[in-house]
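> Below is model35.tsv; it holds TSV, C-alpha atoms and all ligand atoms.
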chain	number	residue	atom	x	y	z
K	24	MET	CA	71.04	67.54	91.06
K	25	ILE	CA	72.98	69.56	88.47
K	26	PHE	CA	76.63	70.53	88.92
K	27	SER	CA	79.08	72.37	86.72
K	28	ARG	CA	82.23	70.71	85.47
K	29	ILE	CA	85.26	71.95	83.55
K	30	LEU	CA	85.04	70.54	80.02
K	31	GLY	CA	88.19	72.18	78.65
K	32	THR	CA	90.87	74.75	79.45
K	33	GLY	CA	92.79	77.23	77.30
K	34	GLY	CA	95.42	79.90	77.59
K	35	TYR	CA	97.10	82.63	75.60
K	36	LEU	CA	100.31	84.57	76.21
K	37	PRO	CA	101.49	87.42	73.96
K	38	GLU	CA	104.55	86.64	71.85
K	39	ARG	CA	106.61	89.52	73.20
K	40	VAL	CA	108.72	88.40	76.18
K	41	VAL	CA	110.45	90.88	78.49
K	42	THR	CA	113.16	89.51	80.79
K	43	ASN	CA	114.35	91.00	84.07
K	44	ALA	CA	117.61	91.88	82.31
K	45	GLU	CA	115.67	94.07	79.85
K	46	LEU	CA	113.98	95.90	82.75
K	47	GLU	CA	117.42	96.64	84.22
K	48	GLU	CA	117.90	98.93	81.23
K	49	SER	CA	114.90	101.15	82.05
K	50	VAL	CA	114.59	101.18	85.87
K	51	ALA	CA	116.99	100.86	88.83
K	52	THR	CA	116.45	97.15	89.42
K	53	SER	CA	118.28	93.87	88.98
K	54	ASP	CA	117.48	90.34	87.90
K	55	GLN	CA	118.70	89.22	91.32
K	56	TRP	CA	116.34	91.57	93.26
K	57	ILE	CA	113.30	90.61	91.19
K	58	TRP	CA	114.10	86.88	91.36
K	59	GLU	CA	114.80	86.81	95.10
K	60	ARG	CA	111.82	88.99	96.14
K	61	THR	CA	109.21	87.66	93.70
K	62	GLY	CA	110.34	84.50	91.86
K	63	ILE	CA	109.79	86.21	88.49
K	64	ARG	CA	112.27	85.83	85.61
K	65	LYS	CA	110.22	87.11	82.67
K	66	ARG	CA	106.75	88.18	81.57
K	67	HIS	CA	104.78	88.40	78.30
K	68	LEU	CA	103.49	91.82	77.21
K	69	VAL	CA	100.96	92.81	74.56
K	70	SER	CA	102.12	94.60	71.44
K	71	GLY	CA	100.58	96.01	68.27
K	72	GLU	CA	96.86	95.28	67.98
K	73	GLU	CA	96.76	92.84	70.92
K	74	THR	CA	94.16	93.91	73.49
K	75	THR	CA	92.53	92.21	76.44
K	76	SER	CA	89.65	90.95	74.29
K	77	VAL	CA	92.09	89.61	71.68
K	78	MET	CA	93.93	87.60	74.38
K	79	ALA	CA	90.59	86.52	75.86
K	80	GLU	CA	89.33	85.35	72.47
K	81	ARG	CA	92.47	83.29	71.83
K	82	ALA	CA	92.32	81.66	75.27
K	83	ALA	CA	88.60	81.00	74.72
K	84	ARG	CA	89.17	79.36	71.33
K	85	SER	CA	91.74	77.04	72.85
K	86	ALA	CA	89.34	76.10	75.72
K	87	ILE	CA	86.47	75.54	73.25
K	88	GLU	CA	88.66	73.23	71.19
K	89	ALA	CA	89.80	71.31	74.27
K	90	ALA	CA	86.18	70.93	75.40
K	91	GLY	CA	85.21	69.55	71.99
K	92	ILE	CA	82.18	71.83	71.70
K	93	ASP	CA	80.93	74.29	69.11
K	94	ALA	CA	81.20	77.99	70.06
K	95	ASN	CA	77.44	78.27	69.56
K	96	ASP	CA	76.83	75.74	72.35
K	97	ILE	CA	77.93	78.50	74.76
K	98	ASP	CA	75.02	80.23	76.50
K	99	LEU	CA	76.93	82.43	78.98
K	100	ILE	CA	80.18	84.43	78.75
K	101	VAL	CA	81.81	85.81	81.89
K	102	LEU	CA	85.08	87.68	81.41
K	103	ALA	CA	87.10	88.69	84.46
K	104	THR	CA	89.27	91.70	83.73
K	105	THR	CA	90.45	95.00	85.16
K	106	THR	CA	91.76	96.19	81.82
K	107	PRO	CA	88.85	96.07	79.35
K	108	ASP	CA	89.63	97.43	75.87
K	109	ARG	CA	87.20	100.29	76.46
K	110	ILE	CA	85.08	101.47	79.41
K	111	TYR	CA	82.25	99.98	77.39
K	112	PRO	CA	81.20	97.80	75.69
K	113	ALA	CA	82.27	95.05	78.04
K	114	ALA	CA	85.24	93.11	76.74
K	115	ALA	CA	83.01	90.02	77.06
K	116	CYS	CA	80.73	91.43	74.32
K	117	ARG	CA	83.72	91.99	72.03
K	118	VAL	CA	84.80	88.38	72.62
K	119	GLN	CA	81.24	87.20	71.93
K	120	ALA	CA	81.22	89.05	68.59
K	121	ARG	CA	84.62	87.68	67.58
K	122	LEU	CA	83.57	84.13	68.41
K	123	GLY	CA	80.37	84.61	66.37
K	124	ILE	CA	78.14	83.69	69.31
K	125	LYS	CA	74.66	85.20	69.08
K	126	ASP	CA	72.32	86.19	71.88
K	127	CYS	CA	73.75	84.88	75.13
K	128	PRO	CA	74.45	86.99	78.22
K	129	ALA	CA	78.01	88.34	78.16
K	130	PHE	CA	79.49	90.56	80.85
K	131	ASP	CA	82.72	91.55	82.57
K	132	VAL	CA	83.52	90.96	86.23
K	133	GLN	CA	85.93	93.31	87.98
K	134	ALA	CA	87.56	91.78	91.04
K	135	VAL	CA	91.19	92.38	90.01
K	136	CYS	CA	93.38	89.31	90.66
K	137	THR	CA	90.45	87.38	92.18
K	138	GLY	CA	88.31	88.04	89.09
K	139	PHE	CA	88.53	84.55	87.61
K	140	ILE	CA	87.43	82.93	90.88
K	141	TYR	CA	84.50	85.38	91.03
K	142	GLY	CA	83.64	84.56	87.39
K	143	LEU	CA	83.86	80.81	87.97
K	144	SER	CA	81.59	81.08	91.00
K	145	ILE	CA	79.02	83.16	89.08
K	146	ALA	CA	78.98	80.76	86.12
K	147	ASP	CA	78.70	77.79	88.50
K	148	GLN	CA	75.58	79.34	90.05
K	149	PHE	CA	74.04	80.00	86.60
K	150	ILE	CA	74.56	76.33	85.71
K	151	ARG	CA	73.33	74.91	89.03
K	152	THR	CA	70.15	76.99	88.77
K	153	LYS	CA	69.68	75.88	85.14
K	154	SER	CA	70.02	79.45	83.84
K	155	ALA	CA	72.88	78.24	81.61
K	156	THR	CA	74.17	74.89	80.41
K	157	CYS	CA	77.54	75.75	78.90
K	158	ALA	CA	79.53	78.73	80.15
K	159	LEU	CA	82.73	80.31	78.93
K	160	VAL	CA	84.68	81.77	81.86
K	161	ILE	CA	87.73	83.82	80.97
K	162	GLY	CA	90.33	85.77	82.93
K	163	ALA	CA	92.37	88.21	80.84
K	164	ASP	CA	94.41	91.28	81.64
K	165	ALA	CA	96.76	93.65	79.86
K	166	ASN	CA	98.44	94.92	83.04
K	167	SER	CA	101.19	96.56	81.02
K	168	LYS	CA	98.65	99.23	79.99
K	169	ILE	CA	98.07	100.42	83.56
K	170	LEU	CA	101.65	100.43	84.85
K	171	ASP	CA	103.96	103.35	85.42
K	172	TRP	CA	107.03	101.99	83.63
K	173	SER	CA	109.29	104.30	85.61
K	174	ASP	CA	108.11	102.86	88.97
K	175	ARG	CA	110.35	99.90	89.80
K	176	ARG	CA	108.12	98.93	92.75
K	177	THR	CA	105.30	97.88	90.43
K	178	CYS	CA	106.43	97.56	86.81
K	179	VAL	CA	108.61	94.50	87.40
K	180	LEU	CA	105.76	92.48	88.94
K	181	PHE	CA	103.15	92.15	86.23
K	182	GLY	CA	102.58	90.48	82.87
K	183	ASP	CA	99.78	90.14	80.31
K	184	GLY	CA	97.78	87.08	79.24
K	185	GLY	CA	94.49	85.24	79.15
K	186	GLY	CA	93.16	81.94	80.46
K	187	ALA	CA	89.76	80.30	79.99
K	188	VAL	CA	87.61	77.33	80.86
K	189	VAL	CA	84.42	75.92	79.38
K	190	LEU	CA	82.04	74.88	82.16
K	191	GLY	CA	79.29	72.43	81.30
K	192	ALA	CA	76.25	71.13	83.19
K	193	SER	CA	76.93	67.67	84.58
K	194	GLU	CA	75.37	65.09	86.90
K	195	LYS	CA	78.82	64.56	88.40
K	196	PRO	CA	80.29	67.24	90.68
K	197	GLY	CA	83.05	69.44	89.23
K	198	ILE	CA	83.02	72.75	91.11
K	199	LEU	CA	82.64	71.47	94.68
K	200	SER	CA	82.43	74.90	96.34
K	201	SER	CA	83.46	78.50	95.87
K	202	HIS	CA	84.11	81.18	98.48
K	203	LEU	CA	84.19	84.90	97.67
K	204	HIS	CA	85.20	87.81	99.89
K	205	ALA	CA	85.98	91.52	99.68
K	206	ASP	CA	86.98	94.28	102.09
K	207	GLY	CA	86.86	97.75	100.57
K	208	ARG	CA	88.69	99.41	103.46
K	209	TYR	CA	92.10	98.59	101.98
K	210	GLU	CA	91.82	100.73	98.84
K	211	GLN	CA	94.80	102.94	99.70
K	212	LEU	CA	97.15	99.92	99.70
K	213	LEU	CA	96.40	98.96	96.09
K	214	TYR	CA	94.56	100.98	93.48
K	215	VAL	CA	94.80	102.44	90.00
K	216	GLU	CA	95.22	106.19	89.76
K	217	GLY	CA	93.09	108.01	87.19
K	218	GLY	CA	89.73	107.05	85.71
K	219	VAL	CA	86.20	108.30	85.06
K	220	PHE	CA	86.00	110.65	88.06
K	221	HIS	CA	89.70	111.21	88.65
K	222	GLY	CA	90.57	112.35	85.18
K	223	TYR	CA	92.75	111.19	82.36
K	224	ASP	CA	95.47	113.88	82.52
K	225	GLN	CA	97.97	111.16	83.39
K	226	PRO	CA	97.93	107.60	82.08
K	227	ALA	CA	96.29	105.17	84.54
K	228	SER	CA	98.86	103.58	86.83
K	229	VAL	CA	98.92	100.97	89.60
K	230	LYS	CA	99.84	102.27	93.06
K	231	MET	CA	100.76	99.63	95.61
K	232	GLN	CA	102.20	99.46	99.09
K	233	GLY	CA	103.75	96.07	98.38
K	234	GLY	CA	104.91	95.15	101.88
K	235	GLU	CA	101.49	95.83	103.43
K	236	VAL	CA	99.68	93.97	100.63
K	237	PHE	CA	102.03	91.06	101.16
K	238	LYS	CA	101.16	90.74	104.87
K	239	VAL	CA	97.40	90.87	104.34
K	240	ALA	CA	97.62	88.43	101.41
K	241	VAL	CA	99.47	85.76	103.42
K	242	ARG	CA	97.07	86.10	106.38
K	243	THR	CA	93.95	86.08	104.24
K	244	LEU	CA	94.94	83.18	102.00
K	245	SER	CA	95.65	81.02	105.06
K	246	ARG	CA	92.12	81.71	106.30
K	247	ILE	CA	90.44	80.93	103.01
K	248	VAL	CA	92.24	77.64	102.66
K	249	ASP	CA	90.83	76.55	106.05
K	250	GLU	CA	87.37	77.83	105.13
K	251	THR	CA	87.35	75.85	101.86
K	252	LEU	CA	88.49	72.56	103.39
K	253	ALA	CA	86.00	72.87	106.27
K	254	ALA	CA	83.10	73.59	103.88
K	255	ASN	CA	83.85	70.33	102.08
K	256	ASN	CA	84.65	68.22	105.16
K	257	LEU	CA	88.08	67.60	103.71
K	258	GLU	CA	91.54	67.55	105.22
K	259	LYS	CA	94.76	68.97	103.81
K	260	LYS	CA	95.91	65.50	102.74
K	261	ASP	CA	92.86	65.14	100.46
K	262	LEU	CA	94.16	67.83	98.09
K	263	ASP	CA	95.98	66.71	94.96
K	264	TRP	CA	96.94	70.19	93.73
K	265	LEU	CA	97.05	73.83	94.75
K	266	ILE	CA	96.74	76.48	92.05
K	267	PRO	CA	97.43	79.80	93.77
K	268	HIS	CA	97.27	83.28	92.28
K	269	GLN	CA	100.72	83.89	90.81
K	270	ALA	CA	101.81	87.18	92.41
K	271	ASN	CA	104.88	86.26	94.40
K	272	ILE	CA	106.61	82.92	95.04
K	273	ARG	CA	107.00	83.84	98.71
K	274	ILE	CA	103.21	84.20	99.15
K	275	ILE	CA	102.70	80.94	97.24
K	276	SER	CA	105.23	79.07	99.42
K	277	ALA	CA	103.63	80.41	102.61
K	278	THR	CA	100.20	79.11	101.53
K	279	ALA	CA	101.65	75.73	100.53
K	280	LYS	CA	103.39	75.50	103.91
K	281	LYS	CA	100.15	76.25	105.69
K	282	LEU	CA	98.56	73.36	103.78
K	283	GLY	CA	101.54	71.07	104.41
K	284	LEU	CA	101.75	70.58	100.64
K	285	PRO	CA	105.16	69.97	99.06
K	286	MET	CA	105.94	72.46	96.28
K	287	ASP	CA	105.70	69.70	93.68
K	288	GLN	CA	101.93	69.67	94.32
K	289	VAL	CA	101.73	73.41	93.70
K	290	ILE	CA	101.37	74.78	90.17
K	291	VAL	CA	103.81	77.67	89.77
K	292	THR	CA	103.97	79.84	86.64
K	293	VAL	CA	105.00	83.14	88.21
K	294	GLU	CA	108.61	82.61	87.08
K	295	ASP	CA	107.62	82.77	83.39
K	296	HIS	CA	104.36	84.80	83.46
K	297	GLY	CA	104.75	87.34	86.30
K	298	ASN	CA	101.45	88.44	87.85
K	299	THR	CA	98.86	88.31	85.06
K	300	SER	CA	96.05	89.34	87.44
K	301	ALA	CA	92.71	87.72	86.43
K	302	ALA	CA	94.51	85.46	83.93
K	303	SER	CA	96.90	84.02	86.49
K	304	VAL	CA	94.82	81.11	87.90
K	305	PRO	CA	93.22	79.90	84.62
K	306	LEU	CA	96.58	80.15	82.81
K	307	ALA	CA	98.26	78.05	85.51
K	308	LEU	CA	95.38	75.55	85.37
K	309	ASP	CA	95.72	75.29	81.59
K	310	VAL	CA	99.50	74.78	81.79
K	311	ALA	CA	99.13	71.94	84.32
K	312	VAL	CA	96.25	70.25	82.47
K	313	ARG	CA	98.12	70.36	79.17
K	314	ASP	CA	101.41	69.07	80.58
K	315	GLY	CA	99.53	66.16	82.15
K	316	ARG	CA	100.09	66.97	85.82
K	317	ILE	CA	96.41	67.60	86.62
K	318	LYS	CA	94.31	64.57	85.74
K	319	ARG	CA	90.57	63.94	85.63
K	320	ASP	CA	88.87	63.56	89.03
K	321	GLN	CA	91.78	64.97	91.02
K	322	ILE	CA	90.97	67.49	93.76
K	323	VAL	CA	92.33	70.96	93.01
K	324	LEU	CA	92.20	74.07	95.19
K	325	LEU	CA	92.23	77.41	93.35
K	326	GLU	CA	92.80	80.60	95.35
K	327	ALA	CA	93.47	84.26	94.66
K	328	PHE	CA	93.92	87.62	96.33
K	329	GLY	CA	93.91	91.06	94.76
K	330	GLY	CA	92.90	94.70	94.63
K	331	GLY	CA	89.71	95.63	96.44
K	332	PHE	CA	90.85	93.83	98.51
K	333	THR	CA	89.14	90.80	97.08
K	334	TRP	CA	89.96	87.18	97.74
K	335	GLY	CA	88.40	83.85	96.99
K	336	SER	CA	88.80	80.16	96.39
K	337	ALA	CA	87.22	77.31	94.49
K	338	LEU	CA	87.57	73.62	95.18
K	339	ILE	CA	87.18	71.54	92.05
K	340	GLN	CA	87.16	67.91	91.13
K	341	TYR	CA	88.81	68.21	87.76
D	401	LIG	N1	114.29	96.60	92.21
D	401	LIG	C1	115.16	96.94	93.18
D	401	LIG	N2	114.77	97.44	94.37
D	401	LIG	C2	113.45	97.58	94.56
D	401	LIG	C3	112.50	97.25	93.59
D	401	LIG	C4	112.96	96.75	92.37
D	401	LIG	N3	112.13	96.38	91.36
D	401	LIG	N4	111.27	97.51	94.09
D	401	LIG	C5	111.43	97.98	95.33
D	401	LIG	N5	112.76	98.02	95.64
D	401	LIG	C6	113.39	98.47	96.85
D	401	LIG	C7	112.49	99.39	97.65
D	401	LIG	O1	112.59	100.72	97.18
D	401	LIG	C8	113.05	99.21	99.04
D	401	LIG	O2	114.21	100.00	99.15
D	401	LIG	P1	114.48	100.88	100.47
D	401	LIG	O3	114.55	99.88	101.59
D	401	LIG	O4	115.77	101.55	100.17
D	401	LIG	O5	113.30	101.78	100.58
D	401	LIG	C9	113.49	97.74	99.07
D	401	LIG	O6	113.58	97.34	97.70
D	401	LIG	C10	112.51	96.84	99.78
D	401	LIG	O7	111.20	97.12	99.33
D	401	LIG	P2	109.96	96.34	99.87
D	401	LIG	O8	108.73	96.89	99.24
D	401	LIG	O9	110.03	96.27	101.37
D	401	LIG	O10	110.24	94.87	99.30
D	401	LIG	P3	109.43	93.56	99.57
D	401	LIG	O11	110.33	92.51	100.08
D	401	LIG	O12	108.15	93.80	100.33
D	401	LIG	O13	109.01	93.11	98.11
D	401	LIG	C11	107.09	93.15	96.67
D	401	LIG	C12	108.19	93.96	97.33
D	401	LIG	C13	107.74	92.16	95.73
D	401	LIG	C14	106.19	94.09	95.90
D	401	LIG	C15	106.28	92.37	97.73
D	401	LIG	O14	105.97	93.23	98.79
D	401	LIG	C16	105.02	91.77	97.20
D	401	LIG	O15	105.05	90.83	96.44
D	401	LIG	N6	103.86	92.26	97.66
D	401	LIG	C17	102.57	91.66	97.33
D	401	LIG	C18	102.12	91.97	95.97
D	401	LIG	C19	100.84	91.21	95.71
D	401	LIG	O16	100.61	90.13	96.20
D	401	LIG	N7	99.97	91.72	94.97
D	401	LIG	C20	98.74	90.93	94.76
D	401	LIG	C21	97.75	91.71	94.29
D	401	LIG	S1	98.16	92.48	92.78
D	401	LIG	C22	96.67	92.95	92.16
D	401	LIG	O17	95.66	92.72	92.72
D	401	LIG	C23	96.66	93.70	90.88
As structure tokens, what does this structure read like?


Amino acid sequence: MIFSRILGTGGYLPERVVTNAELEESVATSDQWIWERTGIRKRHLVSGEETTSVMAERAARSAIEAAGIDANDIDLIVLATTTPDRIYPAAACRVQARLGIKDCPAFDVQAVCTGFIYGLSIADQFIRTKSATCALVIGADANSKILDWSDRRTCVLFGDGGGAVVLGASEKPGILSSHLHADGRYEQLLYVEGGVFHGYDQPASVKMQGGEVFKVAVRTLSRIVDETLAANNLEKKDLDWLIPHQANIRIISATAKKLGLPMDQVIVTVEDHGNTSAASVPLALDVAVRDGRIKRDQIVLLEAFGGGFTWGSALIQY
């Protein structure tokens, strides 16, 4: 039987850092409000020529190096993003060209903050069915490009970045299971205004009813944690690490509590990254692999929730 396994991880954050104190200068907010309600202190934002595909390429190069492979070994590129450089071509194709990879399928996946989990699940199925042997899965978003910077309810929450993994075919299990969900009825709680059919008179901007999103996210993430453990005949105590989507420390703490996991078994980057949407989970994974917390063969639960609504999880033996 063939499984897929993470061979290497990578991440990229733009150089420009914006602190809560800097946001106090442009909107009616405070470092204290942002910190207490979200756990965010700062975020990285793109500048100059940095685009989603540029961040994705840099994260990919770092994952390729960590995996010890040649870029041309890659036979599938899946890029999760909600902020592609253009409507088309897919940002994945731009990354493919920059990496000099010829003739492999390359496409974007749009599942907002759950996008990386969707991408990982898709690549896992390609590898298990022998349609690919070495997949590059990236999550990258330039959220700063779709925010209304005068709306304090949204602009303080997000950041930009990219995270990536190289998945290789293996006889040993790596991705143990993945679980994907969506419910399109919640569109009015979280969406981006503007677009192909809604016009470009105004710049695209995120609209969110934060309190309502919060409630659904906590409820839904509790359910998916149970679903994932049950599918693998595992108990809470079998988990070594939780890598949650980094939207809000209060949602993260609620999920950890549900799992009975102490916070020192939870990877938290929201303080320094903000919500980087599709990049959030792979960036957090990369941070914890590189600082030595996550070790080979440990059991790690990844989970995310985002616009759509979409939500999903993956259980991996790293
Ligand atoms: N600074 C100061 N005050 C603010 C700010 C701000 N940045 N933003 C909102 N407020 C005010 C509000 O106007 C409100 O004031 P009012 O009572 O006078 O009307 C008050 O603070 C409370 O607002 P709430 O929205 O009730 O605050 P809440 O505690 O719910 O926190 C937050 C808001 C942080 C957005 C939270 O609801 C949240 O994290 N929601 C979930 C977001 C999420 O998980 N998103 C995931 C998906 S993202 C994606 O998919 C792209």

> Can you tell me, as JSON, numbers by chain, which residues sit within 7 Å of (102.7, 94.8, 86.5) in the file's frame, using all atoms listed in the file?

{"K": [166, 167, 170, 177, 178, 179, 180, 181, 182, 298]}

> Just want the residues within 6 Å of ligand LIG 401 (chain D), written as a list of chain:residue names, counting only C-alpha atoms and all ligand atoms.

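I would give the residues around ligand LIG 401 (chain D) as K:Thr52, K:Ser53, K:Trp56, K:Ile57, K:Arg60, K:Thr61, K:Val135, K:Cys136, K:Arg175, K:Arg176, K:Val179, K:Gly233, K:Gly234, K:Val236, K:Phe237, K:Ala270, K:Asn271, K:Ser300, K:Phe328, K:Gly329, K:Gly330.
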
> Select, from K:Val118, K:Ala192, K:Ala94, K:Ile274, the residue with the minimum atom-to-atom distance to Lys153 (chain K), counting all atoms listed in the file.

K:Ala192

> Could you tell me which of K:Ala163, K:Leu212, K:Leu338, K:Ala187 comes closest to Ala254 (chain K) if we count all atoms listed in the file?

K:Leu338

> Pick out the residues sitting within 9 Å of region 292-294 of chain K, and hand them over as a CSV table (one decimal) with C-alpha atoms, keeping the file's coordinate frame; count only C-alpha atoms, and ignore anything fewer than 5 positions along from it in its own chain.


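around22.csv written:
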chain,number,residue,atom,x,y,z
K,58,TRP,CA,114.1,86.9,91.4
K,61,THR,CA,109.2,87.7,93.7
K,62,GLY,CA,110.3,84.5,91.9
K,63,ILE,CA,109.8,86.2,88.5
K,64,ARG,CA,112.3,85.8,85.6
K,65,LYS,CA,110.2,87.1,82.7
K,66,ARG,CA,106.8,88.2,81.6
K,268,HIS,CA,97.3,83.3,92.3
K,269,GLN,CA,100.7,83.9,90.8
K,270,ALA,CA,101.8,87.2,92.4
K,271,ASN,CA,104.9,86.3,94.4
K,272,ILE,CA,106.6,82.9,95.0
K,299,THR,CA,98.9,88.3,85.1
K,303,SER,CA,96.9,84.0,86.5
K,306,LEU,CA,96.6,80.2,82.8
K,307,ALA,CA,98.3,78.0,85.5
K,310,VAL,CA,99.5,74.8,81.8

> If we draw a sphere of 10 Å around (76.0, 78.3, 86.7), which residues have at least one atom in it when counting only C-alpha atoms? Please report them as a PDB file with C-alpha atoms, in the coordinates of the input.


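After the write, out-v1.pdb holds the following:
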ATOM      1  CA  ILE K  25      72.980  69.560  88.470  1.00  0.00           C
ATOM      2  CA  PHE K  26      76.630  70.530  88.920  1.00  0.00           C
ATOM      3  CA  SER K  27      79.080  72.370  86.720  1.00  0.00           C
ATOM      4  CA  ARG K  28      82.230  70.710  85.470  1.00  0.00           C
ATOM      5  CA  LEU K  99      76.930  82.430  78.980  1.00  0.00           C
ATOM      6  CA  GLY K 142      83.640  84.560  87.390  1.00  0.00           C
ATOM      7  CA  LEU K 143      83.860  80.810  87.970  1.00  0.00           C
ATOM      8  CA  SER K 144      81.590  81.080  91.000  1.00  0.00           C
ATOM      9  CA  ILE K 145      79.020  83.160  89.080  1.00  0.00           C
ATOM     10  CA  ALA K 146      78.980  80.760  86.120  1.00  0.00           C
ATOM     11  CA  ASP K 147      78.700  77.790  88.500  1.00  0.00           C
ATOM     12  CA  GLN K 148      75.580  79.340  90.050  1.00  0.00           C
ATOM     13  CA  PHE K 149      74.040  80.000  86.600  1.00  0.00           C
ATOM     14  CA  ILE K 150      74.560  76.330  85.710  1.00  0.00           C
ATOM     15  CA  ARG K 151      73.330  74.910  89.030  1.00  0.00           C
ATOM     16  CA  THR K 152      70.150  76.990  88.770  1.00  0.00           C
ATOM     17  CA  LYS K 153      69.680  75.880  85.140  1.00  0.00           C
ATOM     18  CA  SER K 154      70.020  79.450  83.840  1.00  0.00           C
ATOM     19  CA  ALA K 155      72.880  78.240  81.610  1.00  0.00           C
ATOM     20  CA  THR K 156      74.170  74.890  80.410  1.00  0.00           C
ATOM     21  CA  CYS K 157      77.540  75.750  78.900  1.00  0.00           C
ATOM     22  CA  ALA K 158      79.530  78.730  80.150  1.00  0.00           C
ATOM     23  CA  LEU K 190      82.040  74.880  82.160  1.00  0.00           C
ATOM     24  CA  GLY K 191      79.290  72.430  81.300  1.00  0.00           C
ATOM     25  CA  ALA K 192      76.250  71.130  83.190  1.00  0.00           C
ATOM     26  CA  ILE K 198      83.020  72.750  91.110  1.00  0.00           C
TER      27      ILE K 198
END

> Provide the CA of Ser49 (chain K) to CA of Val69 (chain K) distance in Å, to one decimal place.

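So the answer is 17.9 Å.
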
> Quick one: everything within 6 Å of Val189 (chain K), counting only C-alpha atoms, minus sequence neighbours fewer than 2 positions away in the same chain. Send it as a PyMOL selection string.

chain K and resi 29-31+158-159

> Tell me which of K:Val219, K:Leu324, K:Ala227, K:Val77 sits closest to Asp171 (chain K), counting all atoms listed in the file.

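Answer, going by the shortest atom-to-atom distance: K:Ala227.
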
> Report, in Å to a single decimal, how far apart CA of Phe332 (chain K) and CA of Ala51 (chain K) are.

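Separating CA of Ala51 (chain K) from CA of Phe332 (chain K) is a distance of 28.7 Å.
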
> Find the spatial neighbours of region 100-103 of chain K, counting all atoms listed in the file, within a cut-off of 7 Å - ignore same-chain residues fewer than 3 positions away - and output them as a list in words.

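These residues fall inside the cut-off: Ala115, Pro128, Ala129, Phe130, Asp131, Val132, Gln133, Gly138, Phe139, Gly142, Ala158, Leu159, Val160, Ile161, Gly162, Ala163 and Ala301 of chain K.
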
> Please, could you write that set of residues out with C-alpha atoms as a short mmCIF file (atom, residue, chain, number, x, y, z; two decimals), in the coordinates of the input?


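Contents of out.cif, freshly written:
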data_model
loop_
_atom_site.label_atom_id
_atom_site.label_comp_id
_atom_site.auth_asym_id
_atom_site.auth_seq_id
_atom_site.Cartn_x
_atom_site.Cartn_y
_atom_site.Cartn_z
CA ALA K 115 83.01 90.02 77.06
CA PRO K 128 74.45 86.99 78.22
CA ALA K 129 78.01 88.34 78.16
CA PHE K 130 79.49 90.56 80.85
CA ASP K 131 82.72 91.55 82.57
CA VAL K 132 83.52 90.96 86.23
CA GLN K 133 85.93 93.31 87.98
CA GLY K 138 88.31 88.04 89.09
CA PHE K 139 88.53 84.55 87.61
CA GLY K 142 83.64 84.56 87.39
CA ALA K 158 79.53 78.73 80.15
CA LEU K 159 82.73 80.31 78.93
CA VAL K 160 84.68 81.77 81.86
CA ILE K 161 87.73 83.82 80.97
CA GLY K 162 90.33 85.77 82.93
CA ALA K 163 92.37 88.21 80.84
CA ALA K 301 92.71 87.72 86.43
#

> So which one's closest to Gly184 (chain K), K:Ala337, K:Ala253, K:Leu308, K:Ala82? Using only C-alpha atoms, please.

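Closest to Gly184 (chain K), using only C-alpha atoms: K:Ala82.
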
> Looking at K:Glu326, K:Glu45, K:Asp96, K:Asp261, which one is nearest to Ile290 (chain K), with distances taken over all atoms listed in the file?

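Ranking K:Glu326, K:Glu45, K:Asp96, K:Asp261 by distance to Ile290 (chain K), first place goes to K:Glu326.
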
> Report, in Å with one decimal, the straight-line distance from CA of Gly222 (chain K) to CA of Ala205 (chain K).

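The value is 25.8 Å.
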
> Within 12 Å of Gly283 (chain K), counting only C-alpha atoms, which residues qualify if same-chain residues fewer than 6 places away don't, as a PyMOL selection string?

chain K and resi 245+248+258-265+276-277+289

> Rank K:Leu257, K:Met78, K:Ala89, K:Ile339 by their smallest atom-to-atom distance to Ala302 (chain K), using only C-alpha atoms, and report the top residue only.

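Checking each of K:Leu257, K:Met78, K:Ala89, K:Ile339 against Ala302 (chain K), counting only C-alpha atoms, the winner is K:Met78.
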